$ cat protein_9.pdb   # PDB, C-alpha atoms
ATOM      1  CA  MET W 124     -82.629  20.165 -42.036
ATOM      2  CA  SER W 125     -79.755  21.858 -43.834
ATOM      3  CA  ILE W 126     -77.425  21.113 -40.930
ATOM      4  CA  ASN W 127     -78.017  17.425 -41.631
ATOM      5  CA  GLN W 128     -76.778  17.953 -45.189
ATOM      6  CA  LEU W 129     -73.583  19.468 -43.809
ATOM      7  CA  ILE W 130     -73.066  16.614 -41.340
ATOM      8  CA  GLU W 131     -73.689  13.986 -44.015
ATOM      9  CA  GLY W 132     -71.164  15.695 -46.287
ATOM     10  CA  ILE W 133     -68.543  15.788 -43.542
ATOM     11  CA  ILE W 134     -68.932  12.072 -42.838
ATOM     12  CA  ALA W 135     -69.106  11.007 -46.487
ATOM     13  CA  LYS W 136     -65.980  12.954 -47.448
ATOM     14  CA  LYS W 137     -64.196  12.391 -44.122
ATOM     15  CA  SER W 138     -63.566  16.110 -44.080
ATOM     16  CA  PRO W 139     -64.741  18.665 -41.476
ATOM     17  CA  ILE W 140     -63.383  21.429 -43.702
ATOM     18  CA  VAL W 141     -64.892  24.538 -45.248
ATOM     19  CA  VAL W 142     -62.888  26.413 -47.873
ATOM     20  CA  GLY W 143     -63.114  30.182 -47.589
ATOM     21  CA  LEU W 144     -63.542  31.801 -50.991
ATOM     22  CA  ASP W 145     -61.966  35.192 -50.300
ATOM     23  CA  PRO W 146     -60.463  36.259 -53.650
ATOM     24  CA  ARG W 147     -58.334  39.358 -54.150
ATOM     25  CA  MET W 148     -57.612  40.548 -57.687
ATOM     26  CA  GLU W 149     -53.958  41.271 -56.880
ATOM     27  CA  GLN W 150     -53.428  37.667 -55.771
ATOM     28  CA  LEU W 151     -55.190  35.865 -58.603
ATOM     29  CA  PRO W 152     -53.059  34.002 -61.157
ATOM     30  CA  GLU W 153     -51.929  36.470 -63.816
ATOM     31  CA  GLU W 154     -53.060  34.221 -66.650
ATOM     32  CA  ILE W 155     -56.691  34.447 -65.552
ATOM     33  CA  ILE W 156     -56.745  38.243 -65.590
ATOM     34  CA  LYS W 157     -54.708  38.438 -68.805
ATOM     35  CA  THR W 158     -57.289  36.322 -70.639
ATOM     36  CA  TYR W 159     -59.951  38.971 -70.140
ATOM     37  CA  GLU W 160     -57.578  41.884 -70.683
ATOM     38  CA  ASP W 161     -56.534  40.392 -74.041
ATOM     39  CA  GLN W 162     -60.208  40.111 -74.993
ATOM     40  CA  GLY W 163     -60.553  43.858 -74.520
ATOM     41  CA  CYS W 164     -63.038  43.506 -71.663
ATOM     42  CA  SER W 165     -63.994  46.505 -69.577
ATOM     43  CA  PRO W 166     -62.540  46.768 -66.059
ATOM     44  CA  TYR W 167     -65.991  45.769 -64.760
ATOM     45  CA  ASP W 168     -66.011  42.540 -66.775
ATOM     46  CA  ILE W 169     -62.344  41.803 -66.088
ATOM     47  CA  VAL W 170     -63.048  41.849 -62.354
ATOM     48  CA  LYS W 171     -66.318  39.931 -62.551
ATOM     49  CA  ASN W 172     -65.077  37.237 -64.920
ATOM     50  CA  SER W 173     -61.708  36.800 -63.195
ATOM     51  CA  LEU W 174     -63.282  36.315 -59.781
ATOM     52  CA  ILE W 175     -65.807  33.841 -61.141
ATOM     53  CA  GLU W 176     -63.225  31.811 -63.075
ATOM     54  CA  PHE W 177     -60.866  31.645 -60.108
ATOM     55  CA  ASN W 178     -63.604  30.574 -57.702
ATOM     56  CA  LYS W 179     -64.980  27.961 -60.077
ATOM     57  CA  GLY W 180     -61.476  26.563 -60.450
ATOM     58  CA  ILE W 181     -61.088  26.266 -56.678
ATOM     59  CA  ILE W 182     -64.529  24.677 -56.324
ATOM     60  CA  ASP W 183     -63.822  22.156 -59.077
ATOM     61  CA  SER W 184     -60.511  21.189 -57.476
ATOM     62  CA  VAL W 185     -61.871  20.553 -53.962
ATOM     63  CA  LYS W 186     -65.557  19.684 -54.300
ATOM     64  CA  ASP W 187     -64.913  15.967 -53.852
ATOM     65  CA  LEU W 188     -62.768  16.645 -50.762
ATOM     66  CA  VAL W 189     -64.852  19.114 -48.737
ATOM     67  CA  PRO W 190     -68.541  19.460 -47.903
ATOM     68  CA  ALA W 191     -68.719  23.265 -47.811
ATOM     69  CA  VAL W 192     -67.400  26.609 -49.000
ATOM     70  CA  LYS W 193     -67.606  30.014 -47.336
ATOM     71  CA  PRO W 194     -67.503  33.097 -49.548
ATOM     72  CA  GLN W 195     -66.754  36.217 -47.465
ATOM     73  CA  VAL W 196     -68.931  38.906 -49.010
ATOM     74  CA  ALA W 197     -66.514  41.758 -48.192
ATOM     75  CA  PHE W 198     -64.067  40.505 -50.801
ATOM     76  CA  TYR W 199     -66.820  40.922 -53.403
ATOM     77  CA  GLU W 200     -68.453  44.100 -52.099
ATOM     78  CA  GLN W 201     -65.149  45.953 -52.426
ATOM     79  CA  TYR W 202     -65.444  45.633 -56.210
ATOM     80  CA  GLY W 203     -68.989  47.019 -56.315
ATOM     81  CA  LEU W 204     -71.604  45.473 -58.589
ATOM     82  CA  ALA W 205     -68.973  43.520 -60.550
ATOM     83  CA  GLY W 206     -67.920  41.824 -57.329
ATOM     84  CA  MET W 207     -71.476  41.151 -56.207
ATOM     85  CA  GLU W 208     -72.302  39.540 -59.547
ATOM     86  CA  ALA W 209     -69.292  37.298 -59.008
ATOM     87  CA  TYR W 210     -70.470  36.564 -55.464
ATOM     88  CA  ALA W 211     -73.942  35.554 -56.642
ATOM     89  CA  GLU W 212     -72.546  33.323 -59.390
ATOM     90  CA  THR W 213     -70.054  31.761 -56.954
ATOM     91  CA  CYS W 214     -72.872  30.828 -54.580
ATOM     92  CA  ARG W 215     -74.948  29.375 -57.426
ATOM     93  CA  TYR W 216     -72.033  27.355 -58.797
ATOM     94  CA  ALA W 217     -71.099  25.991 -55.386
ATOM     95  CA  LYS W 218     -74.684  24.918 -54.742
ATOM     96  CA  ALA W 219     -74.885  23.278 -58.180
ATOM     97  CA  SER W 220     -71.652  21.441 -57.313
ATOM     98  CA  GLY W 221     -73.336  19.860 -54.299
ATOM     99  CA  LEU W 222     -71.597  21.984 -51.685
ATOM    100  CA  TYR W 223     -73.062  23.546 -48.535
ATOM    101  CA  VAL W 224     -72.678  27.319 -48.832
ATOM    102  CA  ILE W 225     -71.959  29.469 -45.787
ATOM    103  CA  ALA W 226     -72.445  33.123 -46.684
ATOM    104  CA  ASP W 227     -70.007  34.990 -44.464
ATOM    105  CA  VAL W 228     -71.959  38.235 -44.328
ATOM    106  CA  LYS W 229     -71.855  39.004 -40.561
ATOM    107  CA  ARG W 230     -75.209  40.744 -40.599
ATOM    108  CA  GLY W 231     -77.210  41.758 -37.527
ATOM    109  CA  ASP W 232     -79.374  44.774 -36.777
ATOM    110  CA  ILE W 233     -82.714  45.800 -35.294
ATOM    111  CA  GLY W 234     -85.570  43.403 -35.973
ATOM    112  CA  SER W 235     -86.948  44.846 -39.215
ATOM    113  CA  THR W 236     -83.477  45.295 -40.710
ATOM    114  CA  SER W 237     -82.419  41.797 -39.696
ATOM    115  CA  LYS W 238     -85.586  40.530 -41.377
ATOM    116  CA  ALA W 239     -84.472  42.198 -44.609
ATOM    117  CA  TYR W 240     -80.968  40.752 -44.285
ATOM    118  CA  SER W 241     -82.426  37.322 -43.558
ATOM    119  CA  LEU W 242     -84.782  37.456 -46.537
ATOM    120  CA  GLY W 243     -81.959  38.663 -48.782
ATOM    121  CA  HIS W 244     -79.465  35.960 -47.872
ATOM    122  CA  LEU W 245     -81.560  33.023 -46.651
ATOM    123  CA  GLY W 246     -85.106  33.467 -47.880
ATOM    124  CA  LYS W 247     -87.007  35.109 -50.719
ATOM    125  CA  VAL W 248     -88.657  38.497 -50.942
ATOM    126  CA  LEU W 249     -92.040  38.735 -52.630
ATOM    127  CA  TYR W 250     -92.641  41.379 -55.303
ATOM    128  CA  LYS W 251     -96.099  41.087 -56.878
ATOM    129  CA  GLU W 252     -96.207  37.518 -58.231
ATOM    130  CA  SER W 253     -92.451  36.930 -58.092
ATOM    131  CA  LYS W 254     -90.164  35.648 -55.346
ATOM    132  CA  LEU W 255     -86.761  37.239 -55.665
ATOM    133  CA  ASN W 256     -83.407  36.029 -54.364
ATOM    134  CA  ASP W 257     -80.012  36.252 -56.074
ATOM    135  CA  PHE W 258     -77.899  34.889 -53.228
ATOM    136  CA  GLU W 259     -78.128  31.119 -52.834
ATOM    137  CA  ALA W 260     -76.741  30.211 -49.423
ATOM    138  CA  ASP W 261     -77.485  27.504 -46.880
ATOM    139  CA  SER W 262     -76.447  29.565 -43.876
ATOM    140  CA  VAL W 263     -75.112  32.966 -42.869
ATOM    141  CA  THR W 264     -72.869  34.405 -40.194
ATOM    142  CA  VAL W 265     -74.633  36.781 -37.792
ATOM    143  CA  ASN W 266     -73.426  39.421 -35.342
ATOM    144  CA  PRO W 267     -75.454  39.068 -32.108
ATOM    145  CA  TYR W 268     -74.695  42.510 -30.664
ATOM    146  CA  LEU W 269     -78.326  43.654 -30.947
ATOM    147  CA  GLY W 270     -79.662  40.674 -29.030
ATOM    148  CA  ASP W 271     -82.495  38.190 -29.342
ATOM    149  CA  ASP W 272     -84.763  40.259 -31.592
ATOM    150  CA  CYS W 273     -81.956  40.355 -34.142
ATOM    151  CA  LEU W 274     -81.347  36.593 -33.949
ATOM    152  CA  GLY W 275     -85.047  35.781 -33.920
ATOM    153  CA  GLU W 276     -85.593  37.273 -37.371
ATOM    154  CA  PHE W 277     -82.960  34.946 -38.814
ATOM    155  CA  VAL W 278     -84.484  31.956 -37.026
ATOM    156  CA  ASP W 279     -87.795  32.668 -38.787
ATOM    157  CA  GLU W 280     -86.141  32.239 -42.200
ATOM    158  CA  ILE W 281     -84.100  29.274 -40.980
ATOM    159  CA  LYS W 282     -87.327  27.457 -40.127
ATOM    160  CA  ALA W 283     -89.245  28.584 -43.209
ATOM    161  CA  TYR W 284     -86.531  27.804 -45.761
ATOM    162  CA  ASP W 285     -84.529  25.056 -44.020
ATOM    163  CA  LYS W 286     -81.405  27.169 -43.605
ATOM    164  CA  GLY W 287     -78.883  27.897 -40.840
ATOM    165  CA  MET W 288     -76.747  30.543 -39.175
ATOM    166  CA  PHE W 289     -73.487  30.795 -37.280
ATOM    167  CA  VAL W 290     -73.514  33.443 -34.542
ATOM    168  CA  LEU W 291     -70.276  35.242 -33.654
ATOM    169  CA  VAL W 292     -69.419  34.048 -30.144
ATOM    170  CA  LYS W 293     -65.628  34.012 -29.743
ATOM    171  CA  THR W 294     -63.806  35.249 -32.819
ATOM    172  CA  SER W 295     -60.238  34.429 -33.790
ATOM    173  CA  ASN W 296     -58.784  37.950 -33.945
ATOM    174  CA  LYS W 297     -56.484  39.159 -31.142
ATOM    175  CA  SER W 298     -58.527  42.223 -30.189
ATOM    176  CA  SER W 299     -61.657  40.118 -29.680
ATOM    177  CA  GLU W 300     -60.646  40.093 -26.017
ATOM    178  CA  GLN W 301     -61.464  43.800 -25.699
ATOM    179  CA  LEU W 302     -65.196  43.066 -25.598
ATOM    180  CA  GLN W 303     -65.726  39.319 -25.737
ATOM    181  CA  ASN W 304     -63.606  38.613 -22.642
ATOM    182  CA  LEU W 305     -65.173  41.245 -20.397
ATOM    183  CA  SER W 306     -66.843  39.849 -17.286
ATOM    184  CA  VAL W 307     -70.456  40.481 -16.332
ATOM    185  CA  GLU W 308     -71.696  38.976 -13.054
ATOM    186  CA  GLY W 309     -68.964  36.371 -13.056
ATOM    187  CA  LYS W 310     -69.288  35.335 -16.713
ATOM    188  CA  LYS W 311     -67.385  36.341 -19.822
ATOM    189  CA  ILE W 312     -69.350  38.062 -22.559
ATOM    190  CA  TYR W 313     -68.585  35.189 -24.917
ATOM    191  CA  GLU W 314     -70.126  32.760 -22.421
ATOM    192  CA  ILE W 315     -73.281  34.868 -22.180
ATOM    193  CA  VAL W 316     -73.556  34.980 -25.971
ATOM    194  CA  GLY W 317     -72.969  31.222 -26.012
ATOM    195  CA  GLU W 318     -75.889  30.780 -23.626
ATOM    196  CA  MET W 319     -78.074  32.893 -25.926
ATOM    197  CA  VAL W 320     -77.098  30.692 -28.856
ATOM    198  CA  ASN W 321     -77.785  27.562 -26.825
ATOM    199  CA  ASP W 322     -81.297  28.808 -26.016
ATOM    200  CA  TRP W 323     -82.031  29.053 -29.732
ATOM    201  CA  CYS W 324     -80.352  25.685 -30.328
ATOM    202  CA  GLN W 325     -82.645  23.904 -27.896
ATOM    203  CA  LYS W 326     -85.665  25.163 -29.838
ATOM    204  CA  THR W 327     -84.350  23.938 -33.193
ATOM    205  CA  ILE W 328     -82.482  20.631 -32.650
ATOM    206  CA  GLY W 329     -82.651  18.358 -35.677
ATOM    207  CA  SER W 330     -82.736  14.606 -36.149
ATOM    208  CA  LYS W 331     -78.929  14.302 -35.897
ATOM    209  CA  ASN W 332     -78.929  16.067 -32.522
ATOM    210  CA  TYR W 333     -77.526  19.312 -33.884
ATOM    211  CA  SER W 334     -79.248  22.630 -34.435
ATOM    212  CA  PRO W 335     -79.120  24.814 -37.557
ATOM    213  CA  VAL W 336     -78.188  27.613 -35.142
ATOM    214  CA  GLY W 337     -74.417  27.395 -34.746
ATOM    215  CA  ALA W 338     -71.540  29.480 -33.419
ATOM    216  CA  VAL W 339     -68.338  31.035 -34.711
ATOM    217  CA  VAL W 340     -65.525  30.052 -32.334
ATOM    218  CA  GLY W 341     -61.902  30.764 -33.273
ATOM    219  CA  ALA W 342     -59.157  28.148 -33.390
ATOM    220  CA  THR W 343     -56.803  30.654 -31.787
ATOM    221  CA  TYR W 344     -58.579  30.298 -28.427
ATOM    222  CA  PRO W 345     -58.636  26.536 -27.632
ATOM    223  CA  SER W 346     -59.317  27.040 -23.914
ATOM    224  CA  GLU W 347     -62.335  29.259 -24.524
ATOM    225  CA  MET W 348     -63.399  26.808 -27.212
ATOM    226  CA  ASP W 349     -63.450  23.992 -24.653
ATOM    227  CA  THR W 350     -65.642  26.071 -22.338
ATOM    228  CA  LEU W 351     -68.033  26.980 -25.137
ATOM    229  CA  ARG W 352     -68.320  23.386 -26.318
ATOM    230  CA  LYS W 353     -69.870  22.603 -22.935
ATOM    231  CA  VAL W 354     -72.135  25.671 -23.070
ATOM    232  CA  MET W 355     -73.454  24.811 -26.552
ATOM    233  CA  PRO W 356     -73.486  21.000 -26.874
ATOM    234  CA  ASN W 357     -75.940  20.982 -29.799
ATOM    235  CA  ALA W 358     -74.464  23.855 -31.788
ATOM    236  CA  TYR W 359     -72.273  23.326 -34.807
ATOM    237  CA  PHE W 360     -69.087  25.398 -34.537
ATOM    238  CA  LEU W 361     -67.687  27.277 -37.507
ATOM    239  CA  VAL W 362     -63.991  27.522 -36.651
ATOM    240  CA  PRO W 363     -61.856  30.238 -38.275
ATOM    241  CA  GLY W 364     -58.191  30.801 -37.466
ATOM    242  CA  TYR W 365     -56.719  27.613 -38.951
ATOM    243  CA  GLY W 366     -53.625  27.946 -41.119
ATOM    244  CA  ALA W 367     -52.764  31.559 -41.944
ATOM    245  CA  GLN W 368     -53.893  32.757 -38.500
ATOM    246  CA  GLY W 369     -51.798  30.144 -36.715
ATOM    247  CA  GLY W 370     -54.217  27.392 -35.736
ATOM    248  CA  GLY W 371     -53.515  23.716 -36.434
ATOM    249  CA  GLY W 372     -55.257  20.367 -36.059
ATOM    250  CA  LYS W 373     -54.556  20.041 -32.342
ATOM    251  CA  ASP W 374     -55.890  23.566 -31.743
ATOM    252  CA  VAL W 375     -59.339  22.723 -33.100
ATOM    253  CA  VAL W 376     -59.946  19.421 -31.298
ATOM    254  CA  ASN W 377     -61.849  21.118 -28.467
ATOM    255  CA  ALA W 378     -64.419  22.385 -30.959
ATOM    256  CA  PHE W 379     -65.611  18.822 -31.592
ATOM    257  CA  ASN W 380     -67.936  16.758 -29.430
ATOM    258  CA  ALA W 381     -67.110  13.242 -28.270
ATOM    259  CA  ASP W 382     -68.809  11.894 -31.420
ATOM    260  CA  GLY W 383     -66.166  13.626 -33.538
ATOM    261  CA  LEU W 384     -68.795  15.935 -34.981
ATOM    262  CA  GLY W 385     -69.973  19.409 -34.039
ATOM    263  CA  ALA W 386     -67.470  21.555 -35.913
ATOM    264  CA  ILE W 387     -66.333  22.583 -39.360
ATOM    265  CA  VAL W 388     -62.943  24.260 -39.734
ATOM    266  CA  ASN W 389     -62.306  27.071 -42.202
ATOM    267  CA  SER W 390     -59.202  27.762 -44.222
ATOM    268  CA  SER W 391     -59.164  30.536 -46.796
ATOM    269  CA  ARG W 392     -55.770  31.925 -47.825
ATOM    270  CA  GLY W 393     -54.000  28.701 -46.892
ATOM    271  CA  ILE W 394     -55.927  26.864 -49.598
ATOM    272  CA  ILE W 395     -56.966  29.291 -52.317
ATOM    273  CA  PHE W 396     -53.571  30.988 -52.484
ATOM    274  CA  ALA W 397     -51.464  27.903 -51.738
ATOM    275  CA  TYR W 398     -50.048  28.146 -55.258
ATOM    276  CA  LYS W 399     -48.069  31.237 -54.207
ATOM    277  CA  ASN W 400     -45.626  29.103 -52.219
ATOM    278  CA  SER W 401     -45.913  25.657 -53.793
ATOM    279  CA  GLY W 402     -44.921  26.270 -57.385
ATOM    280  CA  LEU W 403     -47.949  24.270 -58.515
ATOM    281  CA  PRO W 404     -50.835  25.552 -60.653
ATOM    282  CA  TYR W 405     -53.445  27.124 -58.381
ATOM    283  CA  LYS W 406     -55.997  24.315 -58.676
ATOM    284  CA  GLU W 407     -53.464  21.586 -57.890
ATOM    285  CA  ALA W 408     -52.008  23.589 -55.024
ATOM    286  CA  ALA W 409     -55.466  24.150 -53.517
ATOM    287  CA  ARG W 410     -56.209  20.449 -53.703
ATOM    288  CA  GLN W 411     -52.900  19.483 -52.100
ATOM    289  CA  ALA W 412     -53.365  22.018 -49.278
ATOM    290  CA  THR W 413     -56.865  20.663 -48.634
ATOM    291  CA  LEU W 414     -55.612  17.089 -48.413
ATOM    292  CA  GLU W 415     -52.887  18.126 -45.966
ATOM    293  CA  MET W 416     -55.440  19.950 -43.795
ATOM    294  CA  GLN W 417     -57.753  16.935 -43.871
ATOM    295  CA  THR W 418     -54.952  14.653 -42.673
ATOM    296  CA  ASP W 419     -53.898  17.115 -39.974
ATOM    297  CA  ILE W 420     -57.386  17.505 -38.490
ATOM    298  CA  ASN W 421     -58.403  13.858 -38.757
ATOM    299  CA  THR W 422     -55.142  12.715 -37.178
ATOM    300  CA  ALA W 423     -55.678  15.101 -34.250
ATOM    301  CA  LEU W 424     -59.265  13.925 -33.808
ATOM    302  CA  GLU W 425     -58.280  10.252 -33.895
ATOM    303  CA  GLU W 426     -55.546  10.835 -31.305
ATOM    304  CA  ALA W 427     -58.127  12.578 -29.108
ATOM    305  CA  GLY W 428     -60.561   9.660 -29.382
ATOM    306  CA  LYS W 429     -62.993  11.684 -31.481
ATOM    307  CA  LYS W 430     -63.057   9.597 -34.638
ATOM    308  CA  TYR W 431     -66.259  10.265 -36.604
ATOM    309  CA  TRP W 432     -65.659   8.072 -39.665
TER     310      TRP W 432
END

$ encode --input "protein_9.pdb" --output "C-alpha cells"
Amino acid sequence: MSINQLIEGIIAKKSPIVVGLDPRMEQLPEEIIKTYEDQGCSPYDIVKNSLIEFNKGIIDSVKDLVPAVKPQVAFYEQYGLAGMEAYAETCRYAKASGLYVIADVKRGDIGSTSKAYSLGHLGKVLYKESKLNDFEADSVTVNPYLGDDCLGEFVDEIKAYDKGMFVLVKTSNKSSEQLQNLSVEGKKIYEIVGEMVNDWCQKTIGSKNYSPVGAVVGATYPSEMDTLRKVMPNAYFLVPGYGAQGGGGKDVVNAFNADGLGAIVNSSRGIIFAYKNSGLPYKEAARQATLEMQTDINTALEEAGKKYW
C-alpha cells in the first residue's frame, strides 16, 4: 500500500517531515525570474518555468532528507494554466525523485463530483482507448463536509490505484473552532469527523497497521491532537502548523503513536523561503532548515519515549 511507502521512507531517512511546495512568484529568488525575463520569455513562460525551477531546486536539496512533499494546488491555480503546468511537472519530478507526493487539493463534493476529483488526482479517466491523468500524486487532502458518500468515492480510487487521502479533521487555523469545536450530543464536531475517518480506516488497514485513509490534525491544537490520536489509532496524521504557524517539536508529539510512527509533519514557508532570513542560497537554506526541523522533532519524540528509528 502507498502508506507503507511513506512509512518506509520516514524510517529510512529518520524524518517524519513533509515539505510543502507553496511557491509565490514575489518570494522566489530574483535570479530565477531574471533568467527567463532575459531570455525574452512571455509572462506565461516566465511564471511556469520559474515555478518549476524553484520547486526542482527545493526537491533536489531535500530529497535525501525527507520522504514526502506536499504541493498546495492553490499556489499554482492562482497563475492559471501556467501554474497548473508547473504543478503537474512538480508532481512528476517529485515522484521521479522517489518522494511520496501529497496533493493538497482539499476536494470534497457530492458523490459524482467527488468521483471526478478522485479520478483526476488519484486515478485515471478513460477516453476511448486512452487513460488520462496529468497529476501524479500518492494521496490527496479531502474536505469531509459532505459526508460518507463524498469520502467513499475517494476510497474507491485509493483501493483501485493504491493511493491515500488525508481528511480534514482538526485544522491548524484559529477560526477552525467556529465549526470544528461545536458540540453535538456531547461530542465535538472534530471528534465525530475523527470517528468517521476511523470507520474508513478499519476497512483499509495495511500490513504495517496503518490505513491509507489519514487525517489532517493541526500542530496548533496539541490537546485536541491527543484526543484524536486515541479516536483514530490506525490513521496517519498529516500535521500542519509547524514553524511559521507557531508549532514546534514538542507540540507535535501527541500526533504520534507509541511506536513513534503515525504522523508526518508539514513545513512550507519555514523551509522553502528559509533563504529570506539566513543569507544562504535558497537550496542551502532549505536543506539547513530541514535538518533543524528533523533534529527538533526527533529530539522531542525521543524525550517522549516514541523513538521510531

$ closest_atom_pairs --input "protein_9.pdb" --of "range 323-400 of chain W" --to "range 181-202 of chain W" --cutoff "12 Å" --atoms "only C-alpha atoms" --output "Markdown table"
| residue | atom | partner | partner_atom | distance |
| --- | --- | --- | --- | --- |
| W:Leu361 | CA | W:Lys193 | CA | 10.2 |
| W:Val362 | CA | W:Lys193 | CA | 11.6 |
| W:Pro363 | CA | W:Lys193 | CA | 10.7 |
| W:Ile387 | CA | W:Ala191 | CA | 8.8 |
| W:Val388 | CA | W:Ala191 | CA | 10.0 |
| W:Asn389 | CA | W:Lys193 | CA | 7.9 |
| W:Ser390 | CA | W:Lys193 | CA | 9.2 |
| W:Ser391 | CA | W:Lys193 | CA | 8.5 |
| W:Arg392 | CA | W:Ile181 | CA | 11.8 |
| W:Ile394 | CA | W:Ile181 | CA | 8.8 |
| W:Ile395 | CA | W:Ile181 | CA | 6.7 |
| W:Phe396 | CA | W:Ile181 | CA | 9.8 |
| W:Ala397 | CA | W:Ile181 | CA | 10.9 |
| W:Tyr398 | CA | W:Ile181 | CA | 11.3 |

$ write_last_selection --input "protein_9.pdb" --atoms "C-alpha atoms" --output "PDB file, keeping the file's coordinate frame"
ATOM      1  CA  LEU W 361     -67.687  27.277 -37.507  1.00  0.00           C
ATOM      2  CA  VAL W 362     -63.991  27.522 -36.651  1.00  0.00           C
ATOM      3  CA  PRO W 363     -61.856  30.238 -38.275  1.00  0.00           C
ATOM      4  CA  ILE W 387     -66.333  22.583 -39.360  1.00  0.00           C
ATOM      5  CA  VAL W 388     -62.943  24.260 -39.734  1.00  0.00           C
ATOM      6  CA  ASN W 389     -62.306  27.071 -42.202  1.00  0.00           C
ATOM      7  CA  SER W 390     -59.202  27.762 -44.222  1.00  0.00           C
ATOM      8  CA  SER W 391     -59.164  30.536 -46.796  1.00  0.00           C
ATOM      9  CA  ARG W 392     -55.770  31.925 -47.825  1.00  0.00           C
ATOM     10  CA  ILE W 394     -55.927  26.864 -49.598  1.00  0.00           C
ATOM     11  CA  ILE W 395     -56.966  29.291 -52.317  1.00  0.00           C
ATOM     12  CA  PHE W 396     -53.571  30.988 -52.484  1.00  0.00           C
ATOM     13  CA  ALA W 397     -51.464  27.903 -51.738  1.00  0.00           C
ATOM     14  CA  TYR W 398     -50.048  28.146 -55.258  1.00  0.00           C
TER      15      TYR W 398
END

$ residues_around --input "protein_9.pdb" --residues "range 316-328 of chain W" --least-positions-apart "5" --cutoff "9 Å" --atoms "all atoms listed in the file" --output "mmCIF file with C-alpha atoms, in the frame of the given file"
data_model
loop_
_atom_site.group_PDB
_atom_site.id
_atom_site.type_symbol
_atom_site.label_atom_id
_atom_site.label_comp_id
_atom_site.auth_asym_id
_atom_site.auth_seq_id
_atom_site.Cartn_x
_atom_site.Cartn_y
_atom_site.Cartn_z
ATOM 1 C CA PRO W 267 -75.454 39.068 -32.108
ATOM 2 C CA TYR W 268 -74.695 42.510 -30.664
ATOM 3 C CA GLY W 270 -79.662 40.674 -29.030
ATOM 4 C CA ASP W 271 -82.495 38.190 -29.342
ATOM 5 C CA LEU W 274 -81.347 36.593 -33.949
ATOM 6 C CA GLY W 275 -85.047 35.781 -33.920
ATOM 7 C CA VAL W 278 -84.484 31.956 -37.026
ATOM 8 C CA LYS W 282 -87.327 27.457 -40.127
ATOM 9 C CA VAL W 290 -73.514 33.443 -34.542
ATOM 10 C CA LEU W 291 -70.276 35.242 -33.654
ATOM 11 C CA VAL W 292 -69.419 34.048 -30.144
ATOM 12 C CA LYS W 293 -65.628 34.012 -29.743
ATOM 13 C CA GLN W 303 -65.726 39.319 -25.737
ATOM 14 C CA LYS W 311 -67.385 36.341 -19.822
ATOM 15 C CA TYR W 333 -77.526 19.312 -33.884
ATOM 16 C CA SER W 334 -79.248 22.630 -34.435
ATOM 17 C CA PRO W 335 -79.120 24.814 -37.557
ATOM 18 C CA VAL W 336 -78.188 27.613 -35.142
ATOM 19 C CA GLY W 337 -74.417 27.395 -34.746
ATOM 20 C CA ALA W 338 -71.540 29.480 -33.419
ATOM 21 C CA LEU W 351 -68.033 26.980 -25.137
ATOM 22 C CA VAL W 354 -72.135 25.671 -23.070
ATOM 23 C CA MET W 355 -73.454 24.811 -26.552
ATOM 24 C CA PRO W 356 -73.486 21.000 -26.874
ATOM 25 C CA ASN W 357 -75.940 20.982 -29.799
ATOM 26 C CA ALA W 358 -74.464 23.855 -31.788
#

$ resolve_selection --input "protein_9.pdb" --expression "the PyMOL selection byres ((chain W and resi 214) around 12)" --output "PDB file with C-alpha atoms, in the frame of the given file"
ATOM      1  CA  LEU W 144     -63.542  31.801 -50.991  1.00  0.00           C
ATOM      2  CA  ILE W 175     -65.807  33.841 -61.141  1.00  0.00           C
ATOM      3  CA  ASN W 178     -63.604  30.574 -57.702  1.00  0.00           C
ATOM      4  CA  LYS W 179     -64.980  27.961 -60.077  1.00  0.00           C
ATOM      5  CA  ILE W 182     -64.529  24.677 -56.324  1.00  0.00           C
ATOM      6  CA  ALA W 191     -68.719  23.265 -47.811  1.00  0.00           C
ATOM      7  CA  VAL W 192     -67.400  26.609 -49.000  1.00  0.00           C
ATOM      8  CA  LYS W 193     -67.606  30.014 -47.336  1.00  0.00           C
ATOM      9  CA  PRO W 194     -67.503  33.097 -49.548  1.00  0.00           C
ATOM     10  CA  GLN W 195     -66.754  36.217 -47.465  1.00  0.00           C
ATOM     11  CA  VAL W 196     -68.931  38.906 -49.010  1.00  0.00           C
ATOM     12  CA  TYR W 199     -66.820  40.922 -53.403  1.00  0.00           C
ATOM     13  CA  MET W 207     -71.476  41.151 -56.207  1.00  0.00           C
ATOM     14  CA  GLU W 208     -72.302  39.540 -59.547  1.00  0.00           C
ATOM     15  CA  ALA W 209     -69.292  37.298 -59.008  1.00  0.00           C
ATOM     16  CA  TYR W 210     -70.470  36.564 -55.464  1.00  0.00           C
ATOM     17  CA  ALA W 211     -73.942  35.554 -56.642  1.00  0.00           C
ATOM     18  CA  GLU W 212     -72.546  33.323 -59.390  1.00  0.00           C
ATOM     19  CA  THR W 213     -70.054  31.761 -56.954  1.00  0.00           C
ATOM     20  CA  ARG W 215     -74.948  29.375 -57.426  1.00  0.00           C
ATOM     21  CA  TYR W 216     -72.033  27.355 -58.797  1.00  0.00           C
ATOM     22  CA  ALA W 217     -71.099  25.991 -55.386  1.00  0.00           C
ATOM     23  CA  LYS W 218     -74.684  24.918 -54.742  1.00  0.00           C
ATOM     24  CA  ALA W 219     -74.885  23.278 -58.180  1.00  0.00           C
ATOM     25  CA  SER W 220     -71.652  21.441 -57.313  1.00  0.00           C
ATOM     26  CA  GLY W 221     -73.336  19.860 -54.299  1.00  0.00           C
ATOM     27  CA  LEU W 222     -71.597  21.984 -51.685  1.00  0.00           C
ATOM     28  CA  TYR W 223     -73.062  23.546 -48.535  1.00  0.00           C
ATOM     29  CA  VAL W 224     -72.678  27.319 -48.832  1.00  0.00           C
ATOM     30  CA  ILE W 225     -71.959  29.469 -45.787  1.00  0.00           C
ATOM     31  CA  ALA W 226     -72.445  33.123 -46.684  1.00  0.00           C
ATOM     32  CA  ASP W 227     -70.007  34.990 -44.464  1.00  0.00           C
ATOM     33  CA  HIS W 244     -79.465  35.960 -47.872  1.00  0.00           C
ATOM     34  CA  LEU W 245     -81.560  33.023 -46.651  1.00  0.00           C
ATOM     35  CA  ASN W 256     -83.407  36.029 -54.364  1.00  0.00           C
ATOM     36  CA  ASP W 257     -80.012  36.252 -56.074  1.00  0.00           C
ATOM     37  CA  PHE W 258     -77.899  34.889 -53.228  1.00  0.00           C
ATOM     38  CA  GLU W 259     -78.128  31.119 -52.834  1.00  0.00           C
ATOM     39  CA  ALA W 260     -76.741  30.211 -49.423  1.00  0.00           C
ATOM     40  CA  ASP W 261     -77.485  27.504 -46.880  1.00  0.00           C
ATOM     41  CA  SER W 262     -76.447  29.565 -43.876  1.00  0.00           C
TER      42      SER W 262
END
